[in-house]
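Trainee: Handing over input.tsv, TSV, N, CA and C atoms.
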```
chain	number	residue	atom	x	y	z
P	30	MET	N	-22.71	-20.58	-0.33
P	30	MET	CA	-21.85	-19.41	-0.48
P	30	MET	C	-22.16	-18.77	-1.82
P	31	GLN	N	-22.32	-17.48	-1.80
P	31	GLN	CA	-22.56	-16.74	-3.03
P	31	GLN	C	-21.41	-15.78	-3.27
P	32	LEU	N	-20.94	-15.76	-4.50
P	32	LEU	CA	-19.89	-14.84	-4.87
P	32	LEU	C	-20.48	-13.82	-5.82
P	33	GLY	N	-19.98	-12.59	-5.70
P	33	GLY	CA	-20.50	-11.51	-6.53
P	33	GLY	C	-19.98	-11.54	-7.94
P	34	ASN	N	-19.05	-10.70	-8.23
P	34	ASN	CA	-18.59	-10.53	-9.60
P	34	ASN	C	-17.51	-11.55	-9.98
P	35	ASN	N	-17.07	-11.47	-11.21
P	35	ASN	CA	-16.06	-12.40	-11.72
P	35	ASN	C	-14.73	-12.29	-10.97
P	36	GLU	N	-14.34	-11.09	-10.56
P	36	GLU	CA	-13.08	-10.93	-9.83
P	36	GLU	C	-13.10	-11.72	-8.53
P	37	GLU	N	-14.21	-11.70	-7.83
P	37	GLU	CA	-14.33	-12.45	-6.58
P	37	GLU	C	-14.26	-13.95	-6.85
P	38	LYS	N	-14.91	-14.38	-7.92
P	38	LYS	CA	-14.88	-15.80	-8.28
P	38	LYS	C	-13.47	-16.23	-8.63
P	39	GLU	N	-12.79	-15.42	-9.43
P	39	GLU	CA	-11.42	-15.74	-9.82
P	39	GLU	C	-10.49	-15.78	-8.62
P	40	ARG	N	-10.65	-14.84	-7.70
P	40	ARG	CA	-9.83	-14.81	-6.49
P	40	ARG	C	-10.08	-16.06	-5.64
P	41	PHE	N	-11.35	-16.44	-5.52
P	41	PHE	CA	-11.72	-17.62	-4.75
P	41	PHE	C	-11.08	-18.88	-5.36
P	42	ILE	N	-11.17	-19.02	-6.67
P	42	ILE	CA	-10.58	-20.17	-7.36
P	42	ILE	C	-9.07	-20.16	-7.20
P	43	ASP	N	-8.46	-19.00	-7.39
P	43	ASP	CA	-7.00	-18.86	-7.28
P	43	ASP	C	-6.52	-19.25	-5.88
P	44	GLU	N	-7.18	-18.77	-4.86
P	44	GLU	CA	-6.78	-19.08	-3.49
P	44	GLU	C	-6.87	-20.57	-3.21
P	45	ASN	N	-7.93	-21.20	-3.70
P	45	ASN	CA	-8.11	-22.62	-3.45
P	45	ASN	C	-7.12	-23.47	-4.24
P	46	LEU	N	-6.83	-23.08	-5.47
P	46	LEU	CA	-5.83	-23.81	-6.25
P	46	LEU	C	-4.46	-23.71	-5.59
P	47	ARG	N	-4.11	-22.52	-5.11
P	47	ARG	CA	-2.83	-22.35	-4.42
P	47	ARG	C	-2.77	-23.20	-3.15
P	48	ARG	N	-3.86	-23.24	-2.41
P	48	ARG	CA	-3.91	-24.03	-1.17
P	48	ARG	C	-3.71	-25.51	-1.47
P	49	VAL	N	-4.41	-26.01	-2.47
P	49	VAL	CA	-4.28	-27.43	-2.83
P	49	VAL	C	-2.86	-27.73	-3.32
P	50	TYR	N	-2.31	-26.84	-4.13
P	50	TYR	CA	-0.94	-27.02	-4.63
P	50	TYR	C	0.05	-27.05	-3.47
P	51	ASP	N	-0.06	-26.10	-2.56
P	51	ASP	CA	0.84	-26.04	-1.41
P	51	ASP	C	0.74	-27.30	-0.55
P	52	GLU	N	-0.48	-27.77	-0.31
P	52	GLU	CA	-0.67	-28.98	0.49
P	52	GLU	C	-0.05	-30.18	-0.21
P	53	THR	N	-0.19	-30.25	-1.51
P	53	THR	CA	0.37	-31.37	-2.28
P	53	THR	C	1.89	-31.35	-2.22
P	54	MET	N	2.47	-30.17	-2.34
P	54	MET	CA	3.93	-30.05	-2.30
P	54	MET	C	4.50	-30.43	-0.94
P	55	GLU	N	3.74	-30.21	0.12
P	55	GLU	CA	4.19	-30.53	1.47
P	55	GLU	C	4.16	-32.03	1.75
P	56	GLU	N	3.40	-32.77	0.96
P	56	GLU	CA	3.26	-34.21	1.20
P	56	GLU	C	4.57	-34.96	0.97
P	57	GLY	N	5.37	-34.49	0.06
P	57	GLY	CA	6.62	-35.18	-0.23
P	57	GLY	C	6.41	-36.36	-1.16
P	58	ILE	N	7.52	-37.05	-1.42
P	58	ILE	CA	7.50	-38.19	-2.33
P	58	ILE	C	7.42	-39.47	-1.50
P	59	PRO	N	6.48	-40.35	-1.82
P	59	PRO	CA	6.38	-41.61	-1.08
P	59	PRO	C	7.65	-42.45	-1.24
P	60	ASP	N	8.00	-43.22	-0.19
P	60	ASP	CA	9.20	-44.05	-0.21
P	60	ASP	C	9.18	-45.04	-1.37
P	61	LYS	N	8.03	-45.62	-1.68
P	61	LYS	CA	7.95	-46.58	-2.78
P	61	LYS	C	8.36	-45.93	-4.10
P	62	PHE	N	7.95	-44.71	-4.28
P	62	PHE	CA	8.28	-44.00	-5.52
P	62	PHE	C	9.77	-43.68	-5.56
P	63	LYS	N	10.34	-43.28	-4.42
P	63	LYS	CA	11.78	-43.02	-4.35
P	63	LYS	C	12.56	-44.28	-4.67
P	64	ASP	N	12.11	-45.41	-4.12
P	64	ASP	CA	12.78	-46.68	-4.39
P	64	ASP	C	12.74	-47.02	-5.87
P	65	LEU	N	11.61	-46.81	-6.49
P	65	LEU	CA	11.46	-47.08	-7.93
P	65	LEU	C	12.40	-46.18	-8.74
P	66	LEU	N	12.48	-44.91	-8.39
P	66	LEU	CA	13.39	-44.00	-9.09
P	66	LEU	C	14.84	-44.44	-8.94
P	67	ASN	N	15.21	-44.87	-7.74
P	67	ASN	CA	16.57	-45.35	-7.51
P	67	ASN	C	16.87	-46.59	-8.33
P	68	LYS	N	15.91	-47.51	-8.43
P	68	LYS	CA	16.10	-48.71	-9.24
P	68	LYS	C	16.28	-48.35	-10.71
P	69	LEU	N	15.50	-47.41	-11.19
P	69	LEU	CA	15.63	-46.98	-12.58
P	69	LEU	C	16.98	-46.34	-12.85
P	70	LYS	N	17.46	-45.53	-11.89
P	70	LYS	CA	18.78	-44.91	-12.05
P	70	LYS	C	19.86	-45.97	-12.10
P	71	GLU	N	19.78	-46.95	-11.20
P	71	GLU	CA	20.77	-48.02	-11.18
P	71	GLU	C	20.73	-48.82	-12.48
P	72	GLN	N	19.55	-49.07	-12.97
P	72	GLN	CA	19.40	-49.81	-14.23
P	72	GLN	C	20.03	-49.01	-15.38
P	73	GLU	N	19.82	-47.71	-15.36
P	73	GLU	CA	20.39	-46.86	-16.39
P	73	GLU	C	21.92	-46.90	-16.36
P	74	LYS	N	22.49	-46.88	-15.14
P	74	LYS	CA	23.93	-46.93	-14.97
P	74	LYS	C	24.53	-48.25	-15.47
P	75	SER	N	23.77	-49.32	-15.33
P	75	SER	CA	24.28	-50.65	-15.71
P	75	SER	C	24.03	-50.94	-17.20
P	76	GLY	N	23.65	-49.94	-17.95
P	76	GLY	CA	23.47	-50.11	-19.39
P	76	GLY	C	22.09	-50.55	-19.79
P	77	GLY	N	21.13	-50.40	-18.92
P	77	GLY	CA	19.74	-50.72	-19.26
P	77	GLY	C	19.39	-52.18	-19.13
P	78	LYS	N	20.29	-52.98	-18.51
P	78	LYS	CA	20.01	-54.39	-18.32
P	78	LYS	C	19.10	-54.56	-17.12
P	79	SER	N	18.04	-55.33	-17.27
P	79	SER	CA	17.15	-55.57	-16.14
P	79	SER	C	17.71	-56.71	-15.29
P	80	GLU	N	17.35	-56.68	-14.01
P	80	GLU	CA	17.86	-57.68	-13.07
P	80	GLU	C	17.04	-58.93	-13.11
```
Transcribe the structure of this file into structure tokens.
Mentor:
Amino acid sequence: MQLGNNEEKERFIDENLRRVYDETMEEGIPDKFKDLLNKLKEQEKSGGKSE
């Protein structure tokens, strides 16, 4: 693929970055990560004591 001027290159990069960002946002948060966040919140509520 050949791109002409800088505007075309910038548009191509911009479109691809947006596509990758959108796809990443649609993936959601993995359950393991949610569980870890919940454990940290609970630990914070209990005064920072580990179980």
Trainee: Calculate how many Å separate atom N of Arg47 of chain P from atom C of Asn35 of chain P, rounding to one decimal.
Mentor: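 Going from atom N of Arg47 of chain P over to atom C of Asn35 of chain P covers 15.9 Å.
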Trainee: Which value, in Å to one decimal, gives the distance between atom C of Tyr50 of chain P and atom C of Lys70 of chain P?
Mentor: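 Separation of atom C of Tyr50 of chain P and atom C of Lys70 of chain P: 28.7 Å.
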Trainee: Go through chain P and collect every residue that DSSP, computed from the backbone, puts in helix (DSSP H, G or I); the answer should be as a count of residues only.
Mentor: 37
Trainee: Could you work out how far atom N of Lys61 of chain P lies from atom C of Arg48 of chain P, giving the answer in Å with one decimal?
Mentor: 23.3 Å
